[in-house]
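Have a look at structure_8.cif; it's mmCIF, C-alpha atoms:
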data_query
#
loop_
_atom_site.label_atom_id
_atom_site.label_comp_id
_atom_site.auth_asym_id
_atom_site.auth_seq_id
_atom_site.Cartn_x
_atom_site.Cartn_y
_atom_site.Cartn_z
CA MET A 1 2.58 4.31 27.77
CA THR A 2 3.74 7.45 29.55
CA ILE A 3 0.95 9.37 31.27
CA LEU A 4 1.50 13.12 31.12
CA PRO A 5 -0.37 15.80 33.04
CA THR A 6 -3.22 17.29 31.07
CA GLY A 7 -1.48 20.64 30.78
CA LEU A 8 1.55 19.09 29.00
CA VAL A 9 -0.32 17.11 26.39
CA ARG A 10 -1.11 20.03 24.11
CA PRO A 11 2.44 21.53 24.13
CA ARG A 12 3.91 18.10 23.47
CA ARG A 13 1.61 17.56 20.49
CA TRP A 14 2.52 21.00 19.15
CA LEU A 15 6.24 20.29 19.46
CA ARG A 16 5.78 16.95 17.66
CA GLY A 17 4.11 18.80 14.85
CA HIS A 18 6.99 21.36 14.65
CA PRO A 19 10.20 19.32 15.15
CA LEU A 20 12.44 21.98 13.60
CA ILE A 21 11.42 24.52 16.25
CA PHE A 22 12.13 22.01 18.99
CA ASP A 23 15.55 21.18 17.57
CA GLY A 24 16.35 24.90 17.24
CA ALA A 25 15.45 25.43 20.89
CA LEU A 26 17.54 22.39 21.86
CA ALA A 27 20.51 23.77 19.91
CA ALA A 28 20.20 27.09 21.76
CA VAL A 29 20.07 25.31 25.13
CA VAL A 30 23.12 23.18 24.26
CA PHE A 31 25.08 26.24 23.13
CA THR A 32 24.19 28.06 26.36
CA CYS A 33 25.33 25.09 28.44
CA MET A 34 28.62 24.80 26.52
CA LEU A 35 29.28 28.52 26.79
CA CYS A 36 28.61 28.63 30.53
CA ALA A 37 30.73 25.52 31.14
CA SER A 38 33.63 27.06 29.21
CA PHE A 39 34.01 29.71 31.98
CA ALA A 40 34.46 27.06 34.66
CA GLU A 41 37.34 24.77 35.51
CA PRO A 42 37.96 22.23 38.26
CA GLY A 43 39.49 23.60 41.43
CA PRO A 44 40.98 22.05 44.54
CA GLY A 45 38.73 19.70 46.48
CA HIS A 46 36.70 18.71 43.40
CA ARG A 47 35.09 22.15 43.25
CA LEU A 48 34.34 24.21 40.18
CA VAL A 49 35.84 27.66 39.89
CA ILE A 50 33.70 30.04 37.82
CA GLY A 51 35.28 32.94 35.96
CA SER A 52 38.86 31.82 36.31
CA ARG A 53 39.13 31.43 32.52
CA THR A 54 37.47 32.67 29.37
CA PRO A 55 36.88 30.66 26.18
CA GLU A 56 39.04 31.28 23.15
CA PRO A 57 37.37 32.95 20.13
CA SER A 58 38.01 29.76 18.11
CA SER A 59 36.24 27.75 20.82
CA VAL A 60 33.20 30.02 20.61
CA VAL A 61 33.13 29.55 16.83
CA LEU A 62 33.34 25.78 17.22
CA MET A 63 30.56 25.83 19.81
CA VAL A 64 28.32 27.87 17.50
CA LEU A 65 28.94 25.52 14.59
CA ALA A 66 28.41 22.39 16.68
CA ALA A 67 25.19 23.71 18.24
CA GLY A 68 23.91 24.90 14.84
CA ALA A 69 24.47 21.43 13.37
CA LEU A 70 22.04 19.99 15.95
CA VAL A 71 19.15 21.76 14.20
CA LEU A 72 19.39 19.10 11.47
CA ARG A 73 19.84 16.14 13.81
CA ARG A 74 16.49 14.48 12.85
CA ARG A 75 16.98 14.81 9.09
CA ARG A 76 20.65 13.79 8.91
CA PRO A 77 21.56 12.13 12.24
CA VAL A 78 24.72 10.39 11.00
CA ALA A 79 26.00 13.52 9.21
CA VAL A 80 25.37 15.68 12.29
CA LEU A 81 27.25 13.14 14.43
CA ALA A 82 30.17 13.30 12.03
CA VAL A 83 30.25 17.13 12.05
CA THR A 84 29.98 17.43 15.84
CA GLY A 85 32.58 14.68 16.29
CA VAL A 86 35.06 16.48 14.01
CA LEU A 87 34.49 19.83 15.77
CA SER A 88 34.89 18.21 19.20
CA THR A 89 38.11 16.48 18.11
CA ALA A 90 39.45 19.80 16.74
CA GLU A 91 38.72 21.45 20.08
CA PHE A 92 40.64 18.75 21.94
CA LEU A 93 43.59 18.96 19.56
CA PHE A 94 44.06 22.73 19.26
CA VAL A 95 42.78 24.30 22.50
CA ASP A 96 44.08 23.63 26.01
CA PRO A 97 42.10 23.45 28.20
CA PRO A 98 39.36 22.60 25.70
CA ALA A 99 35.84 24.03 25.81
CA PRO A 100 33.01 21.46 26.22
CA VAL A 101 32.18 21.23 22.51
CA VAL A 102 31.90 17.46 23.06
CA VAL A 103 28.42 18.03 24.57
CA SER A 104 27.06 18.51 21.05
CA ALA A 105 28.57 15.17 19.99
CA VAL A 106 26.91 13.47 22.96
CA VAL A 107 23.50 14.82 21.88
CA ALA A 108 24.14 13.79 18.27
CA LEU A 109 25.15 10.26 19.32
CA PHE A 110 21.93 9.97 21.36
CA THR A 111 19.93 10.97 18.27
CA VAL A 112 21.68 8.38 16.10
CA ALA A 113 21.01 5.62 18.64
CA ALA A 114 17.36 6.63 19.00
CA SER A 115 16.62 6.87 15.26
CA THR A 116 18.65 4.02 13.69
CA ASP A 117 19.08 0.32 14.34
CA ARG A 118 21.21 -1.36 16.98
CA PRO A 119 24.10 -2.49 14.73
CA THR A 120 24.51 1.08 13.44
CA THR A 121 24.44 2.38 17.00
CA TRP A 122 27.16 -0.07 18.04
CA ARG A 123 29.44 0.77 15.12
CA LEU A 124 29.09 4.55 15.28
CA GLY A 125 28.96 4.63 19.07
CA LEU A 126 32.21 2.70 19.52
CA LEU A 127 33.91 4.76 16.81
CA THR A 128 32.80 8.06 18.41
CA MET A 129 33.84 6.93 21.88
CA ALA A 130 37.24 5.79 20.65
CA VAL A 131 38.03 8.93 18.61
CA LEU A 132 36.92 11.46 21.22
CA THR A 133 38.46 9.61 24.18
CA VAL A 134 41.81 9.13 22.42
CA ALA A 135 41.84 12.78 21.31
CA ALA A 136 41.07 13.93 24.86
CA MET A 137 43.75 11.71 26.45
CA ALA A 138 46.49 12.20 23.86
CA VAL A 139 46.85 15.99 24.10
CA GLY A 140 46.61 18.61 26.79
CA THR A 141 48.45 19.26 30.02
CA ALA A 142 46.10 17.18 32.18
CA PRO A 143 47.08 13.52 32.75
CA TRP A 144 45.38 10.99 30.51
CA TYR A 145 43.47 9.47 33.45
CA SER A 146 41.97 12.80 34.58
CA GLN A 147 38.26 12.89 35.31
CA GLN A 148 37.60 15.15 32.31
CA ASN A 149 39.00 12.53 29.92
CA VAL A 150 37.20 9.63 31.64
CA GLY A 151 34.04 11.72 31.57
CA VAL A 152 34.21 11.89 27.75
CA LEU A 153 34.20 8.07 27.63
CA ALA A 154 31.35 7.82 30.16
CA TRP A 155 29.11 10.45 28.58
CA THR A 156 29.43 9.10 25.03
CA GLY A 157 28.70 5.55 26.23
CA LEU A 158 25.73 6.79 28.26
CA ALA A 159 24.36 8.68 25.25
CA GLY A 160 24.48 5.56 23.05
CA ALA A 161 22.83 3.38 25.69
CA ALA A 162 20.09 5.93 26.44
CA GLY A 163 19.31 6.41 22.75
CA ASP A 164 19.09 2.67 22.17
CA ALA A 165 16.72 2.35 25.15
CA VAL A 166 14.49 5.09 23.74
CA ARG A 167 14.43 3.40 20.34
CA SER A 168 13.52 0.04 21.91
CA ARG A 169 10.73 1.62 23.93
CA ARG A 170 9.29 3.31 20.85
CA ALA A 171 9.39 0.04 18.93
CA PHE A 172 7.65 -1.75 21.83
CA ILE A 173 4.90 0.87 22.01
CA ASP A 174 4.42 0.77 18.25
CA ALA A 175 4.15 -3.01 18.36
CA ILE A 176 1.53 -2.84 21.13
CA ARG A 177 -0.44 -0.21 19.23
CA GLU A 178 -0.28 -2.21 15.99
CA ARG A 179 -1.36 -5.37 17.81
CA ALA A 180 -4.28 -3.54 19.42
CA GLU A 181 -5.39 -2.12 16.07
CA ARG A 182 -5.13 -5.54 14.43
CA ALA A 183 -7.12 -7.11 17.27
CA GLU A 184 -9.77 -4.41 16.89
CA ARG A 185 -10.01 -5.03 13.14
CA THR A 186 -10.22 -8.78 13.71
CA ARG A 187 -12.93 -8.31 16.33
CA GLU A 188 -14.98 -6.13 13.98
CA GLU A 189 -14.60 -8.62 11.12
CA GLU A 190 -15.63 -11.49 13.40
CA ALA A 191 -18.67 -9.51 14.56
CA ARG A 192 -19.68 -8.78 10.96
CA ARG A 193 -19.22 -12.44 10.02
CA ARG A 194 -21.39 -13.62 12.91
CA VAL A 195 -24.08 -11.08 12.04
CA ALA A 196 -24.10 -12.34 8.44
CA GLU A 197 -24.31 -15.97 9.58
CA GLU A 198 -27.15 -15.15 11.96
CA ARG A 199 -29.04 -13.34 9.20
CA LEU A 200 -28.66 -16.36 6.91
CA ARG A 201 -29.86 -18.72 9.62
CA ILE A 202 -32.91 -16.58 10.42
CA ALA A 203 -33.66 -16.21 6.71
CA ARG A 204 -33.57 -20.00 6.29
CA ASP A 205 -35.92 -20.49 9.26
CA LEU A 206 -38.32 -17.84 7.99
CA HIS A 207 -38.35 -19.43 4.53
CA ASP A 208 -39.01 -22.89 5.94
CA VAL A 209 -41.84 -21.68 8.19
CA VAL A 210 -43.52 -19.47 5.61
CA ALA A 211 -43.19 -21.91 2.70
CA HIS A 212 -44.58 -24.83 4.70
CA HIS A 213 -47.55 -23.17 6.34
CA ILE A 214 -48.53 -20.95 3.45
CA ALA A 215 -48.57 -23.98 1.16
CA LEU A 216 -50.91 -25.78 3.59
CA VAL A 217 -53.12 -22.71 3.93
CA ASN A 218 -53.32 -22.44 0.15
CA VAL A 219 -54.32 -26.09 -0.26
CA GLN A 220 -56.93 -26.05 2.48
CA ALA A 221 -58.37 -22.75 1.29
CA GLY A 222 -58.73 -24.23 -2.21
CA VAL A 223 -60.51 -27.26 -0.79
CA ALA A 224 -62.86 -25.06 1.23
CA ALA A 225 -63.70 -22.95 -1.80
CA HIS A 226 -64.34 -26.07 -3.88
CA VAL A 227 -66.75 -27.78 -1.47
CA MET A 228 -68.29 -24.74 0.17
CA ASP A 229 -71.67 -25.06 -1.57
CA LYS A 230 -72.12 -28.84 -1.75
CA ARG A 231 -70.38 -30.04 1.47
CA PRO A 232 -70.23 -27.24 4.03
CA ASP A 233 -69.12 -29.63 6.81
CA GLN A 234 -65.99 -30.53 4.84
CA ALA A 235 -65.46 -26.82 4.09
CA LYS A 236 -65.60 -26.07 7.82
CA GLU A 237 -63.04 -28.77 8.47
CA ALA A 238 -60.73 -27.32 5.78
CA LEU A 239 -61.12 -23.84 7.26
CA ALA A 240 -60.27 -25.23 10.69
CA HIS A 241 -57.05 -26.62 9.20
CA VAL A 242 -56.39 -23.19 7.66
CA ARG A 243 -56.84 -21.55 11.04
CA GLU A 244 -54.56 -24.09 12.72
CA ALA A 245 -51.86 -23.77 10.07
CA SER A 246 -51.97 -19.97 10.16
CA ARG A 247 -51.76 -19.99 13.96
CA SER A 248 -48.74 -22.31 13.83
CA ALA A 249 -47.12 -20.07 11.22
CA LEU A 250 -47.64 -17.00 13.41
CA ASP A 251 -46.23 -18.79 16.46
CA GLU A 252 -43.10 -19.92 14.62
CA LEU A 253 -42.64 -16.51 13.02
CA ARG A 254 -42.97 -14.86 16.42
CA ALA A 255 -40.40 -17.25 17.88
CA THR A 256 -37.97 -16.72 15.00
CA VAL A 257 -38.28 -12.95 14.89
CA GLY A 258 -38.07 -12.92 18.67
CA LEU A 259 -34.43 -13.97 18.33
CA LEU A 260 -33.73 -10.43 17.17
CA ARG A 261 -34.91 -8.96 20.46
CA GLN A 262 -32.57 -7.77 23.20
CA SER A 263 -31.47 -10.37 25.72
CA GLY A 264 -33.35 -8.65 28.54
CA ASP A 265 -36.67 -8.50 26.67
CA PRO A 266 -39.22 -10.62 28.56
CA GLU A 267 -40.94 -11.46 25.28
CA ALA A 268 -37.91 -13.28 23.92
CA PRO A 269 -38.73 -16.91 22.99
CA THR A 270 -38.01 -19.60 25.55
CA GLU A 271 -39.40 -22.65 23.73
CA PRO A 272 -36.94 -25.21 22.31
CA ALA A 273 -36.35 -25.42 18.58
CA PRO A 274 -38.44 -28.04 16.73
CA GLY A 275 -36.93 -31.46 16.05
CA LEU A 276 -37.76 -35.04 15.17
CA ALA A 277 -39.57 -35.42 18.50
CA VAL A 278 -42.46 -33.43 16.99
CA LEU A 279 -42.16 -34.98 13.55
CA GLY A 280 -45.54 -36.67 13.97
CA ALA A 281 -47.31 -33.33 14.37
CA LEU A 282 -45.57 -32.03 11.25
CA LEU A 283 -46.62 -35.05 9.21
CA ASP A 284 -50.20 -34.72 10.44
CA THR A 285 -50.41 -31.25 8.92
CA PHE A 286 -49.46 -32.67 5.52
CA ARG A 287 -51.87 -35.58 5.89
CA ASN A 288 -54.64 -33.18 6.76
CA ALA A 289 -53.77 -31.30 3.58
CA GLY A 290 -54.29 -34.46 1.54
CA LEU A 291 -50.72 -35.71 1.16
CA PRO A 292 -50.30 -39.36 2.20
CA VAL A 293 -46.99 -39.71 4.05
CA GLU A 294 -45.30 -42.87 5.27
CA VAL A 295 -42.37 -42.55 7.70
CA ALA A 296 -39.79 -45.00 9.00
CA CYS A 297 -37.11 -44.24 11.61
CA THR A 298 -34.34 -46.19 13.30
CA ASP A 299 -33.67 -45.66 16.98
CA PRO A 300 -36.75 -43.51 17.55
CA ASP A 301 -35.86 -43.26 21.25
CA SER A 302 -32.28 -42.05 20.57
CA PRO A 303 -32.44 -38.36 19.70
CA LEU A 304 -29.97 -36.67 17.41
CA PRO A 305 -27.75 -33.80 18.59
CA ALA A 306 -29.61 -30.49 18.72
CA ALA A 307 -28.12 -29.00 15.52
CA ALA A 308 -28.63 -32.20 13.49
CA ASP A 309 -32.10 -32.68 14.97
CA LEU A 310 -33.23 -29.22 13.86
CA ALA A 311 -31.61 -29.63 10.43
CA ALA A 312 -33.35 -33.00 9.89
CA TYR A 313 -36.72 -31.53 10.88
CA ARG A 314 -36.33 -28.54 8.55
CA ILE A 315 -35.15 -30.72 5.66
CA ILE A 316 -38.20 -32.99 5.98
CA GLN A 317 -40.49 -29.96 6.31
CA GLU A 318 -39.10 -28.25 3.22
CA ALA A 319 -38.98 -31.45 1.17
CA LEU A 320 -42.63 -32.32 1.92
CA THR A 321 -43.65 -28.73 1.19
CA ASN A 322 -42.01 -29.07 -2.23
CA VAL A 323 -43.86 -32.37 -2.76
CA ARG A 324 -47.18 -30.73 -1.94
CA LYS A 325 -46.45 -27.76 -4.22
CA HIS A 326 -44.92 -29.52 -7.22
CA ALA A 327 -45.95 -33.20 -7.26
CA GLY A 328 -49.69 -32.65 -7.49
CA SER A 329 -52.68 -33.57 -5.38
CA GLY A 330 -52.47 -37.34 -5.97
CA ALA A 331 -48.83 -37.78 -5.00
CA LYS A 332 -47.58 -39.92 -2.13
CA ALA A 333 -44.46 -39.31 -0.03
CA GLU A 334 -42.11 -41.45 2.00
CA VAL A 335 -39.83 -40.21 4.78
CA SER A 336 -37.04 -42.19 6.40
CA VAL A 337 -34.50 -41.30 9.09
CA VAL A 338 -31.80 -43.97 9.36
CA ARG A 339 -28.80 -44.06 11.68
CA VAL A 340 -25.76 -45.52 9.88
CA GLY A 341 -22.63 -45.57 12.00
CA ALA A 342 -21.58 -42.00 12.72
CA THR A 343 -24.13 -40.48 10.35
CA ALA A 344 -27.87 -40.02 10.04
CA GLU A 345 -29.46 -40.32 6.60
CA ILE A 346 -32.67 -38.43 5.88
CA THR A 347 -34.53 -39.42 2.71
CA VAL A 348 -37.75 -37.93 1.32
CA LEU A 349 -39.30 -39.54 -1.77
CA ASP A 350 -42.41 -38.89 -3.80
CA ASP A 351 -43.87 -40.89 -6.63
CA GLY A 352 -44.84 -37.92 -8.77
CA GLY A 353 -48.26 -39.50 -9.26
CA GLY A 354 -50.25 -36.29 -9.04
CA ALA A 355 -52.78 -35.49 -11.73
CA ASP A 356 -51.73 -31.84 -11.94
CA PRO A 357 -48.00 -31.70 -11.22
CA GLY A 358 -46.26 -28.36 -11.20
CA PRO A 359 -42.73 -27.66 -12.31
CA ALA A 360 -40.33 -30.05 -10.65
CA PRO A 361 -37.54 -28.50 -8.60
CA THR A 362 -34.02 -28.94 -9.86
CA GLY A 363 -30.75 -29.38 -8.10
CA GLY A 364 -29.82 -25.76 -8.50
CA GLY A 365 -33.37 -24.51 -8.04
CA GLY A 366 -35.13 -22.31 -5.56
CA HIS A 367 -34.32 -21.05 -2.13
CA GLY A 368 -35.70 -24.19 -0.45
CA LEU A 369 -33.02 -26.48 -1.85
CA ILE A 370 -30.38 -23.80 -1.28
CA GLY A 371 -31.44 -23.49 2.35
CA MET A 372 -31.34 -27.25 2.83
CA ARG A 373 -27.85 -27.44 1.34
CA GLU A 374 -26.65 -24.62 3.58
CA ARG A 375 -27.98 -26.38 6.67
CA VAL A 376 -26.35 -29.69 5.74
CA THR A 377 -23.05 -28.09 4.70
CA ALA A 378 -22.88 -26.13 7.95
CA LEU A 379 -22.93 -29.45 9.83
CA GLY A 380 -20.33 -31.04 7.55
CA GLY A 381 -22.77 -33.30 5.71
CA THR A 382 -23.89 -33.75 2.11
CA LEU A 383 -27.22 -33.38 0.32
CA THR A 384 -28.33 -34.68 -3.06
CA ALA A 385 -31.60 -33.85 -4.80
CA GLY A 386 -32.92 -34.87 -8.18
CA PRO A 387 -35.64 -36.66 -10.17
CA ARG A 388 -36.19 -40.39 -9.62
CA TYR A 389 -36.17 -42.94 -12.42
CA GLY A 390 -39.77 -43.57 -13.41
CA GLY A 391 -41.08 -40.31 -11.98
CA GLY A 392 -41.03 -38.42 -8.75
CA PHE A 393 -38.29 -36.67 -6.83
CA ARG A 394 -35.74 -37.71 -4.21
CA ILE A 395 -33.95 -35.72 -1.52
CA HIS A 396 -31.20 -37.47 0.42
CA ALA A 397 -29.19 -35.80 3.22
CA ILE A 398 -26.34 -37.30 5.24
CA LEU A 399 -25.67 -35.60 8.58
CA PRO A 400 -22.68 -36.44 10.84
CA VAL A 401 -23.80 -37.81 14.22
CA THR A 402 -21.45 -38.78 17.07
CA SER A 403 -22.05 -39.79 20.64
CA ARG A 404 -21.14 -37.65 23.64
CA THR A 405 -17.93 -39.57 24.07
CA GLY A 406 -16.99 -38.94 20.46
CA ALA A 407 -17.51 -42.56 19.30
CA PRO A 408 -20.09 -43.43 16.64
CA GLU A 409 -23.41 -44.55 18.04
CA ALA A 410 -24.68 -48.00 17.19
CA THR A 411 -27.58 -48.37 14.86
CA GLY A 412 -30.75 -50.20 15.64
CA GLY A 413 -33.42 -51.92 13.74
CA ALA A 414 -35.93 -50.00 11.70
CA ALA A 415 -39.25 -49.27 13.34
CA THR A 416 -42.16 -48.11 11.29
CA THR A 417 -43.84 -45.25 13.11
CA GLY A 418 -46.39 -44.10 10.61
CA GLY A 419 -48.48 -45.24 7.71
CA SER A 420 -50.58 -43.92 4.93
CA ALA A 421 -53.23 -41.43 5.79
#
Can you turn what I pasted into structure tokens?
Amino acid sequence: MTILPTGLVRPRRWLRGHPLIFDGALAAVVFTCMLCASFAEPGPGHRLVIGSRTPEPSSVVLMVLAAGALVLRRRRPVAVLAVTGVLSTAEFLFVDPPAPVVVSAVVALFTVAASTDRPTTWRLGLLTMAVLTVAAMAVGTAPWYSQQNVGVLAWTGLAGAAGDAVRSRRAFIDAIRERAERAERTREEEARRRVAEERLRIARDLHDVVAHHIALVNVQAGVAAHVMDKRPDQAKEALAHVREASRSALDELRATVGLLRQSGDPEAPTEPAPGLAVLGALLDTFRNAGLPVEVACTDPDSPLPAAADLAAYRIIQEALTNVRKHAGSGAKAEVSVVRVGATAEITVLDDGGGADPGPAPTGGGGHGLIGMRERVTALGGTLTAGPRYGGGFRIHAILPVTSRTGAPEATGGAATTGGSA
């Protein structure tokens, strides 16, 4: 990009906005140069002699016509080249020594090269060079190899080359500008996509946290209200569970919402995301709420990758929350985490044996199942959910798991890590 002084930027913009005025001024300058050069002729010792000749009236007319044609050089570049070429050829053929009308043809050829494509420039440039050079060499008293005749060939060739260079530079700058604009659009679209993905992720975490803990608080509060008068000690224990569940909910909400803080905020969360390592604490909250849960895992000492570990934890949390909400107070649940080759299978079952079951969730149901599917799909896995034969509900997720070297990890024997409450 050409860097212009600050004082020239505004005039240049104004001239770009008024091209006809610029071309009119250029035509006046070209006519002045042709008129002044028509009073000079080469002298001895390669010097110019001024005032030794005067232009013919026909030459002045041709110069006026040729310069006037340059006003339309942007609108009709090829036509202007043809007009100036014919006028220059006429000057060579009928006037001796000729006036420099060919200057207008040089400017017109530059315009054609700068505003058209390269094949057109080659065709019209070679034709203009040939016609003007042959006309200049074929007539007149000067020998055909005189410097004036060779100069016609040199100036027309230079005009074509300079115009083609200008056109190439403009195309290069336009390509750079278009590439920068496309990169800017792509960067903005990528930023918007990442913002949307982050919002979905935070929304899923908030749903999992709120649904789980609020369900436990609701159950324990109901128990406390039921036994408050007859068994106050059990009511106190239920209220303690309510307080613990609400405190956990506030902590997880604070950690999740803290992700929205600025990176330099000292209150931003620093604790790791939950995973299967704290699965026992999660299951204890459900057992304390009256839901018997049995759990079986393979390779309990071989942790899953961070993303799969968090997804497995959230799937179990949401599935057990649905069991507590929909299966009734007498239901039992089973949780298993099994490593099978390059995958981990998470299964949550309930027997639907509650005395007061609520509406069972369906495969296309609420936000909980949608959130679980989004988590599993984001990792490239699959999730199925639906009623079991004979009663109850089953959620089965398959998550891809690979070792650090990229090979599937070996599976181990099942180890029962929990039992009925």
Point to revise | Exercise: region 110-116 of chain A partners within 10 Å, all atoms listed in the file, chain neighbours under 3 positions left out, as JSON, numbers by chain | key: {"A": [70, 73, 74, 76, 77, 78, 79, 80, 81, 104, 105, 106, 107, 119, 120, 121, 122, 124, 125, 156, 157, 158, 159, 160, 161, 162, 163, 164, 165, 166, 167, 168, 169, 170]}
Check your understanding: Given the choices A:Val295, A:Ala196, A:Leu283, A:Ala289, which gets closest to Val242 (chain A) if the distance is worked out from all atoms listed in the file?
Key ->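 Closest to Val242 (chain A), using all atoms listed in the file: A:Ala289.
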Review point. Can you tell me, as a PyMOL selection string, what residues are no more than 8 Å from region 392-399 of chain A when counting only C-alpha atoms, ignoring any on the same chain fewer than 3 positions away?
Key: chain A and resi 308+319+327+343-353+360+376+379-389
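In this structure, CA of Pro305 (chain A) sits 28.9 Å away from CA of Leu291 (chain A).
Atom to atom, CA of Gly390 (chain A) and CA of Arg339 (chain A) stand 27.4 Å apart.
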Exercise for review: Report the distance between CA of Arg177 (chain A) and CA of Ala108 (chain A) in Å, rounded to one decimal place.
Suggested key: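 A separation of 28.3 Å between them.
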Exercise for review: Determine the nearest neighbour of Ala37 (chain A) from the options A:Ile173, A:Leu72, A:Val102, A:Leu276, counting all atoms listed in the file.
Suggested key: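 Distance minimum relative to Ala37 (chain A) lands on A:Val102.
Of the listed residues A:Arg375, A:Arg243, A:Arg16, A:Arg182, the one whose atoms come nearest to Ala203 (chain A) is A:Arg375, with distances taken using all atoms listed in the file.
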